[in-house]
$ cat entry-v3.cif   # mmCIF, C-alpha atoms
data_upload
loop_
_atom_site.label_atom_id
_atom_site.label_comp_id
_atom_site.auth_asym_id
_atom_site.auth_seq_id
_atom_site.Cartn_x
_atom_site.Cartn_y
_atom_site.Cartn_z
CA MET A 1 0.00 0.00 0.00
CA ILE A 2 1.03 3.58 -0.64
CA LEU A 3 0.02 6.23 1.86
CA ILE A 4 0.04 9.76 0.49
CA PRO A 5 -1.34 13.02 1.91
CA SER A 6 -4.14 14.52 -0.21
CA PRO A 7 -2.18 17.74 -0.96
CA LEU A 8 0.69 15.69 -2.44
CA LEU A 9 -1.68 13.64 -4.57
CA ALA A 10 -3.32 16.90 -5.69
CA HIS A 11 0.15 18.18 -6.68
CA ILE A 12 0.66 15.13 -8.92
CA VAL A 13 -2.80 15.49 -10.47
CA ASN A 14 -2.13 19.18 -11.13
CA ASP A 15 1.22 18.36 -12.79
CA ALA A 16 -0.54 15.81 -15.01
CA GLU A 17 -3.28 18.23 -16.04
CA GLN A 18 -0.85 21.09 -16.68
CA ALA A 19 1.46 18.94 -18.82
CA TYR A 20 -1.36 17.56 -21.00
CA PRO A 21 -1.11 16.50 -23.82
CA GLU A 22 2.44 15.57 -22.79
CA GLU A 23 3.52 13.35 -19.91
CA CYS A 24 4.53 14.91 -16.62
CA CYS A 25 7.00 13.24 -14.28
CA GLY A 26 8.56 13.51 -10.86
CA LEU A 27 9.94 11.70 -7.85
CA LEU A 28 8.32 10.38 -4.69
CA ILE A 29 10.13 10.84 -1.38
CA GLY A 30 9.24 8.83 1.71
CA GLU A 31 9.94 5.66 3.61
CA GLY A 32 8.85 2.05 3.72
CA ASP A 33 8.86 -1.04 1.57
CA PRO A 34 6.54 -1.66 -1.40
CA ALA A 35 6.05 -5.23 -0.18
CA ALA A 36 4.27 -3.73 2.84
CA THR A 37 3.57 0.01 3.09
CA VAL A 38 5.27 3.05 1.57
CA ALA A 39 4.54 6.45 3.11
CA ILE A 40 5.04 9.39 0.75
CA THR A 41 6.16 12.57 2.53
CA ARG A 42 7.16 14.74 -0.43
CA VAL A 43 6.82 14.89 -4.21
CA VAL A 44 9.29 16.68 -6.46
CA SER A 45 8.30 17.67 -9.99
CA SER A 46 10.81 17.18 -12.78
CA PRO A 47 10.94 18.56 -16.27
CA ASN A 48 10.28 15.79 -18.77
CA LEU A 49 13.64 15.49 -20.54
CA THR A 50 12.80 12.64 -22.89
CA SER A 51 13.97 13.01 -26.45
CA SER A 52 11.67 10.31 -27.82
CA GLY A 53 8.29 12.05 -27.69
CA LYS A 54 6.74 13.54 -24.57
CA VAL A 55 3.22 12.38 -25.42
CA ASP A 56 4.09 8.75 -24.65
CA SER A 57 7.32 8.75 -22.65
CA PHE A 58 9.14 10.53 -19.87
CA GLU A 59 12.58 10.97 -18.41
CA VAL A 60 13.20 12.46 -14.97
CA ASP A 61 16.03 15.00 -14.87
CA PRO A 62 19.06 12.98 -13.67
CA LYS A 63 20.60 16.06 -12.03
CA LEU A 64 17.44 16.55 -9.97
CA ARG A 65 17.54 12.91 -8.92
CA PHE A 66 21.22 12.97 -7.92
CA ASP A 67 20.75 16.26 -6.05
CA LEU A 68 17.85 14.71 -4.11
CA MET A 69 19.85 11.57 -3.36
CA ARG A 70 22.65 13.70 -1.89
CA GLU A 71 20.17 15.81 0.08
CA LEU A 72 18.47 12.73 1.56
CA GLU A 73 21.66 10.75 2.28
CA GLY A 74 21.86 9.61 5.89
CA GLY A 75 18.27 10.61 6.68
CA ALA A 76 15.12 8.61 7.29
CA HIS A 77 13.63 9.41 3.89
CA ARG A 78 14.71 8.37 0.40
CA ILE A 79 13.45 8.33 -3.16
CA VAL A 80 10.81 5.58 -3.08
CA GLY A 81 9.33 5.95 -6.55
CA HIS A 82 8.35 7.89 -9.62
CA TYR A 83 5.17 9.46 -10.86
CA HIS A 84 4.11 10.28 -14.38
CA SER A 85 1.00 10.75 -16.45
CA HIS A 86 -0.56 8.88 -19.34
CA PRO A 87 -2.29 11.35 -21.66
CA ASP A 88 -5.37 9.71 -23.21
CA HIS A 89 -4.31 6.27 -21.95
CA PRO A 90 -5.14 4.14 -18.89
CA ALA A 91 -3.41 4.59 -15.55
CA ARG A 92 -1.44 1.36 -15.78
CA PRO A 93 2.16 0.69 -16.78
CA SER A 94 2.79 0.62 -20.51
CA ARG A 95 5.18 -1.82 -22.14
CA ARG A 96 7.76 1.01 -22.22
CA ASP A 97 7.24 1.67 -18.49
CA ILE A 98 7.90 -1.99 -17.71
CA GLU A 99 10.99 -2.05 -19.91
CA MET A 100 12.36 1.07 -18.18
CA ALA A 101 11.72 -0.15 -14.60
CA TRP A 102 15.32 -0.83 -13.60
CA GLU A 103 14.68 -0.50 -9.86
CA PRO A 104 12.22 -3.11 -8.57
CA GLU A 105 12.07 -1.46 -5.13
CA MET A 106 10.49 1.68 -6.61
CA VAL A 107 6.76 2.32 -6.75
CA TRP A 108 5.17 3.96 -9.77
CA LEU A 109 2.22 6.32 -9.55
CA ILE A 110 0.46 6.85 -12.88
CA THR A 111 -2.25 9.41 -13.55
CA SER A 112 -4.52 9.00 -16.55
CA VAL A 113 -5.45 12.31 -18.19
CA ILE A 114 -8.04 12.80 -20.92
CA ALA A 115 -8.90 15.73 -23.15
CA SER A 116 -11.40 18.24 -21.77
CA VAL A 117 -12.70 21.62 -22.83
CA THR A 118 -10.02 23.32 -20.74
CA GLY A 119 -7.10 21.03 -21.63
CA GLY A 120 -6.44 17.85 -19.68
CA LYS A 121 -8.56 16.36 -16.89
CA ALA A 122 -7.11 13.71 -14.59
CA ILE A 123 -9.50 10.81 -14.19
CA ARG A 124 -7.58 8.18 -12.22
CA THR A 125 -4.31 7.67 -10.37
CA THR A 126 -2.99 4.20 -9.62
CA ALA A 127 0.12 2.81 -7.91
CA HIS A 128 2.19 -0.11 -9.14
CA VAL A 129 5.17 -2.29 -8.37
CA ILE A 130 6.88 -3.41 -11.57
CA ASP A 131 8.65 -6.71 -12.11
CA ARG A 132 10.72 -5.89 -15.18
CA ASP A 133 12.29 -9.36 -15.41
CA ARG A 134 8.87 -10.99 -15.71
CA GLY A 135 7.43 -8.20 -17.85
CA ARG A 136 4.51 -7.42 -15.58
CA SER A 137 3.26 -5.12 -12.87
CA ARG A 138 1.10 -5.40 -9.79
CA GLU A 139 -1.30 -2.66 -8.77
CA ILE A 140 -1.16 -1.69 -5.11
CA ASP A 141 -3.66 0.26 -3.03
CA ILE A 142 -3.39 4.00 -2.46
CA GLY A 143 -4.50 5.39 0.89
CA SER A 144 -4.55 8.87 2.34
CA THR A 145 -2.70 9.95 5.45
CA ASP A 146 -5.23 12.75 6.08
#

$ encode --input "entry-v3.cif" --output "structure tokens"
Amino acid sequence: MILIPSPLLAHIVNDAEQAYPEECCGLLIGEGDPAATVAITRVVSSPNLTSSGKVDSFEVDPKLRFDLMRELEGGAHRIVGHYHSHPDHPARPSRRDIEMAWEPEMVWLITSVIASVTGGKAIRTTAHVIDRDRGRSREIDIGSTD
């Protein structure tokens, strides 16, 4: 299970809607183990640096990630996962997501965004643990800490 405060989930949803029709992305900071419970305490937005088409892929800024790793070193919290959006697609890992999941201990939050009169409207956010070696993912529950 992932526990996330409502304001942090709202931040992710806002990123997804603002980036539409492109994918947004960012990092999840917290503690815990995806086999049990992960508590998210902070989300950090990243520019999408992919060079292969932002409507169906993402790349978190590596400098942002390394800076966060240094900042968090020795503390109770760490990078526990990623978040990104799927414009006009379901909130489940794509084949590309599974192929790019090099860290099995990370959780993935995915927000599905569809076209609306005002741009993009988030319709669902899901959380997943990805088993890249087996080419599959497992959805895990999202709960609020509010």

$ residues_near_point --input "entry-v3.cif" --point "(7.7, -2.3, -20.6)" --cutoff "12 Å" --atoms "only C-alpha atoms" --output "mmCIF file with C-alpha atoms, in the frame of the given file"
data_model
loop_
_atom_site.group_PDB
_atom_site.id
_atom_site.type_symbol
_atom_site.label_atom_id
_atom_site.label_comp_id
_atom_site.auth_asym_id
_atom_site.auth_seq_id
_atom_site.Cartn_x
_atom_site.Cartn_y
_atom_site.Cartn_z
ATOM 1 C CA SER A 57 7.320 8.750 -22.650
ATOM 2 C CA ARG A 92 -1.440 1.360 -15.780
ATOM 3 C CA PRO A 93 2.160 0.690 -16.780
ATOM 4 C CA SER A 94 2.790 0.620 -20.510
ATOM 5 C CA ARG A 95 5.180 -1.820 -22.140
ATOM 6 C CA ARG A 96 7.760 1.010 -22.220
ATOM 7 C CA ASP A 97 7.240 1.670 -18.490
ATOM 8 C CA ILE A 98 7.900 -1.990 -17.710
ATOM 9 C CA GLU A 99 10.990 -2.050 -19.910
ATOM 10 C CA MET A 100 12.360 1.070 -18.180
ATOM 11 C CA ALA A 101 11.720 -0.150 -14.600
ATOM 12 C CA TRP A 102 15.320 -0.830 -13.600
ATOM 13 C CA ILE A 130 6.880 -3.410 -11.570
ATOM 14 C CA ASP A 131 8.650 -6.710 -12.110
ATOM 15 C CA ARG A 132 10.720 -5.890 -15.180
ATOM 16 C CA ASP A 133 12.290 -9.360 -15.410
ATOM 17 C CA ARG A 134 8.870 -10.990 -15.710
ATOM 18 C CA GLY A 135 7.430 -8.200 -17.850
ATOM 19 C CA ARG A 136 4.510 -7.420 -15.580
ATOM 20 C CA SER A 137 3.260 -5.120 -12.870
#

$ resolve_selection --input "entry-v3.cif" --expression "the PyMOL selection byres ((chain A and resi 39) around 6)" --output "MDAnalysis selection string"
chainID A and resid 2:3 30:31 38 40

$ atom_distance --input "entry-v3.cif" --atom1 "CA of Asp67 in chain A" --atom2 "CA of Ser45 in chain A"
13.1 Å

$ resolve_selection --input "entry-v3.cif" --expression "the PyMOL selection byres ((chain A and resi 105) around 10)" --output "list of chain:residue names"
A:Asp33, A:Pro34, A:Ala35, A:Val80, A:Gly81, A:Ala101, A:Trp102, A:Glu103, A:Pro104, A:Met106, A:Val107, A:Trp108, A:Val129, A:Ile130, A:Asp131

$ closest_residue --input "entry-v3.cif" --among "A:Ala127, A:Val43, A:Leu109, A:Leu28" --to "Leu8 in chain A" --atoms "all atoms listed in the file"
A:Val43

$ residues_around --input "entry-v3.cif" --residues "range 83-88 of chain A" --least-positions-apart "5" --cutoff "8 Å" --atoms "all atoms listed in the file" --output "short mmCIF file (atom, residue, chain, number, x, y, z; two decimals) with C-alpha atoms, keeping the file's coordinate frame"
data_model
loop_
_atom_site.label_atom_id
_atom_site.label_comp_id
_atom_site.auth_asym_id
_atom_site.auth_seq_id
_atom_site.Cartn_x
_atom_site.Cartn_y
_atom_site.Cartn_z
CA ILE A 12 0.66 15.13 -8.92
CA ALA A 16 -0.54 15.81 -15.01
CA TYR A 20 -1.36 17.56 -21.00
CA PRO A 21 -1.11 16.50 -23.82
CA GLU A 22 2.44 15.57 -22.79
CA GLU A 23 3.52 13.35 -19.91
CA CYS A 24 4.53 14.91 -16.62
CA CYS A 25 7.00 13.24 -14.28
CA GLY A 26 8.56 13.51 -10.86
CA LEU A 27 9.94 11.70 -7.85
CA LEU A 28 8.32 10.38 -4.69
CA VAL A 55 3.22 12.38 -25.42
CA ASP A 56 4.09 8.75 -24.65
CA PHE A 58 9.14 10.53 -19.87
CA TRP A 108 5.17 3.96 -9.77
CA LEU A 109 2.22 6.32 -9.55
CA ILE A 110 0.46 6.85 -12.88
CA THR A 111 -2.25 9.41 -13.55
CA SER A 112 -4.52 9.00 -16.55
CA VAL A 113 -5.45 12.31 -18.19
CA ILE A 114 -8.04 12.80 -20.92
CA ALA A 115 -8.90 15.73 -23.15
CA GLY A 120 -6.44 17.85 -19.68
#

$ resolve_selection --input "entry-v3.cif" --expression "the PyMOL selection byres ((chain A and resi 64) around 10)" --output "PyMOL selection string"
chain A and resi 26-27+44-47+60-63+65-69

$ atom_distance --input "entry-v3.cif" --atom1 "CA of Asn14 in chain A" --atom2 "CA of Thr118 in chain A"
13.1 Å

$ atom_distance --input "entry-v3.cif" --atom1 "CA of Leu49 in chain A" --atom2 "CA of Ile140 in chain A"
27.4 Å

$ residues_around --input "entry-v3.cif" --residues "Ile4 in chain A" --least-positions-apart "6" --cutoff "9 Å" --atoms "all atoms listed in the file" --output "JSON, numbers by chain"
{"A": [38, 39, 40, 41, 42, 142, 143, 144, 145, 146]}

$ closest_residue --input "entry-v3.cif" --among "A:Gly119, A:Ser6, A:Asn48, A:Met1" --to "Glu139 in chain A" --atoms "all atoms listed in the file"
A:Met1

$ closest_residue --input "entry-v3.cif" --among "A:Arg138, A:His11, A:Arg78, A:His89" --to "Arg124 in chain A" --atoms "only C-alpha atoms"
A:His89

$ closest_residue --input "entry-v3.cif" --among "A:Ile29, A:Ser52, A:Lys121, A:Pro7" --to "Gly75 in chain A" --atoms "only C-alpha atoms"
A:Ile29

$ build_atoms --input "entry-v3.cif" --residues "range 68-94 of chain A" --atoms "N, CA and C atoms" --output "mmCIF file, in the frame of the given file"
data_model
loop_
_atom_site.group_PDB
_atom_site.id
_atom_site.type_symbol
_atom_site.label_atom_id
_atom_site.label_comp_id
_atom_site.auth_asym_id
_atom_site.auth_seq_id
_atom_site.Cartn_x
_atom_site.Cartn_y
_atom_site.Cartn_z
ATOM 1 N N LEU A 68 18.731 15.211 -5.178
ATOM 2 C CA LEU A 68 17.850 14.710 -4.110
ATOM 3 C C LEU A 68 18.512 13.571 -3.337
ATOM 4 N N MET A 69 19.168 12.674 -4.043
ATOM 5 C CA MET A 69 19.850 11.570 -3.360
ATOM 6 C C MET A 69 20.890 12.090 -2.375
ATOM 7 N N ARG A 70 21.649 13.104 -2.799
ATOM 8 C CA ARG A 70 22.650 13.700 -1.890
ATOM 9 C C ARG A 70 21.968 14.385 -0.713
ATOM 10 N N GLU A 71 20.898 15.109 -0.980
ATOM 11 C CA GLU A 71 20.170 15.810 0.080
ATOM 12 C C GLU A 71 19.617 14.835 1.118
ATOM 13 N N LEU A 72 19.135 13.693 0.669
ATOM 14 C CA LEU A 72 18.470 12.730 1.560
ATOM 15 C C LEU A 72 19.440 11.755 2.223
ATOM 16 N N GLU A 73 20.677 11.720 1.769
ATOM 17 C CA GLU A 73 21.660 10.750 2.280
ATOM 18 C C GLU A 73 21.783 10.842 3.796
ATOM 19 N N GLY A 74 21.698 9.684 4.439
ATOM 20 C CA GLY A 74 21.860 9.610 5.890
ATOM 21 C C GLY A 74 20.590 9.912 6.669
ATOM 22 N N GLY A 75 19.524 10.302 6.003
ATOM 23 C CA GLY A 75 18.270 10.610 6.680
ATOM 24 C C GLY A 75 17.297 9.445 6.644
ATOM 25 N N ALA A 76 16.145 9.657 7.227
ATOM 26 C CA ALA A 76 15.120 8.610 7.290
ATOM 27 C C ALA A 76 14.382 8.438 5.974
ATOM 28 N N HIS A 77 14.382 9.470 5.147
ATOM 29 C CA HIS A 77 13.630 9.410 3.890
ATOM 30 C C HIS A 77 14.554 9.190 2.705
ATOM 31 N N ARG A 78 13.962 8.643 1.623
ATOM 32 C CA ARG A 78 14.710 8.370 0.400
ATOM 33 C C ARG A 78 13.751 8.479 -0.777
ATOM 34 N N ILE A 79 14.294 8.396 -1.962
ATOM 35 C CA ILE A 79 13.450 8.330 -3.160
ATOM 36 C C ILE A 79 12.840 6.927 -3.175
ATOM 37 N N VAL A 80 11.503 6.865 -3.135
ATOM 38 C CA VAL A 80 10.810 5.580 -3.080
ATOM 39 C C VAL A 80 10.064 5.261 -4.377
ATOM 40 N N GLY A 81 10.031 6.228 -5.299
ATOM 41 C CA GLY A 81 9.330 5.950 -6.550
ATOM 42 C C GLY A 81 9.283 7.131 -7.488
ATOM 43 N N HIS A 82 8.540 6.904 -8.566
ATOM 44 C CA HIS A 82 8.350 7.890 -9.620
ATOM 45 C C HIS A 82 6.861 8.138 -9.792
ATOM 46 N N TYR A 83 6.535 9.277 -10.371
ATOM 47 C CA TYR A 83 5.170 9.460 -10.860
ATOM 48 C C TYR A 83 5.252 10.026 -12.261
ATOM 49 N N HIS A 84 4.233 9.705 -13.042
ATOM 50 C CA HIS A 84 4.110 10.280 -14.380
ATOM 51 C C HIS A 84 2.667 10.150 -14.835
ATOM 52 N N SER A 85 2.362 10.790 -15.944
ATOM 53 C CA SER A 85 1.000 10.750 -16.450
ATOM 54 C C SER A 85 0.938 9.987 -17.763
ATOM 55 N N HIS A 86 -0.271 9.534 -18.072
ATOM 56 C CA HIS A 86 -0.560 8.880 -19.340
ATOM 57 C C HIS A 86 -1.654 9.674 -20.038
ATOM 58 N N PRO A 87 -1.280 10.592 -20.932
ATOM 59 C CA PRO A 87 -2.290 11.350 -21.660
ATOM 60 C C PRO A 87 -3.115 10.441 -22.587
ATOM 61 N N ASP A 88 -4.420 10.471 -22.381
ATOM 62 C CA ASP A 88 -5.370 9.710 -23.210
ATOM 63 C C ASP A 88 -5.108 8.208 -23.212
ATOM 64 N N HIS A 89 -4.549 7.706 -22.122
ATOM 65 C CA HIS A 89 -4.310 6.270 -21.950
ATOM 66 C C HIS A 89 -4.603 5.881 -20.501
ATOM 67 N N PRO A 90 -4.817 4.594 -20.250
ATOM 68 C CA PRO A 90 -5.140 4.140 -18.890
ATOM 69 C C PRO A 90 -4.000 4.371 -17.894
ATOM 70 N N ALA A 91 -4.367 4.402 -16.642
ATOM 71 C CA ALA A 91 -3.410 4.590 -15.550
ATOM 72 C C ALA A 91 -2.831 3.247 -15.132
ATOM 73 N N ARG A 92 -2.150 2.616 -16.068
ATOM 74 C CA ARG A 92 -1.440 1.360 -15.780
ATOM 75 C C ARG A 92 -0.142 1.376 -16.574
ATOM 76 N N PRO A 93 0.866 0.661 -16.098
ATOM 77 C CA PRO A 93 2.160 0.690 -16.780
ATOM 78 C C PRO A 93 2.063 0.228 -18.234
ATOM 79 N N SER A 94 2.692 0.987 -19.098
ATOM 80 C CA SER A 94 2.790 0.620 -20.510
ATOM 81 C C SER A 94 3.942 -0.369 -20.670
#
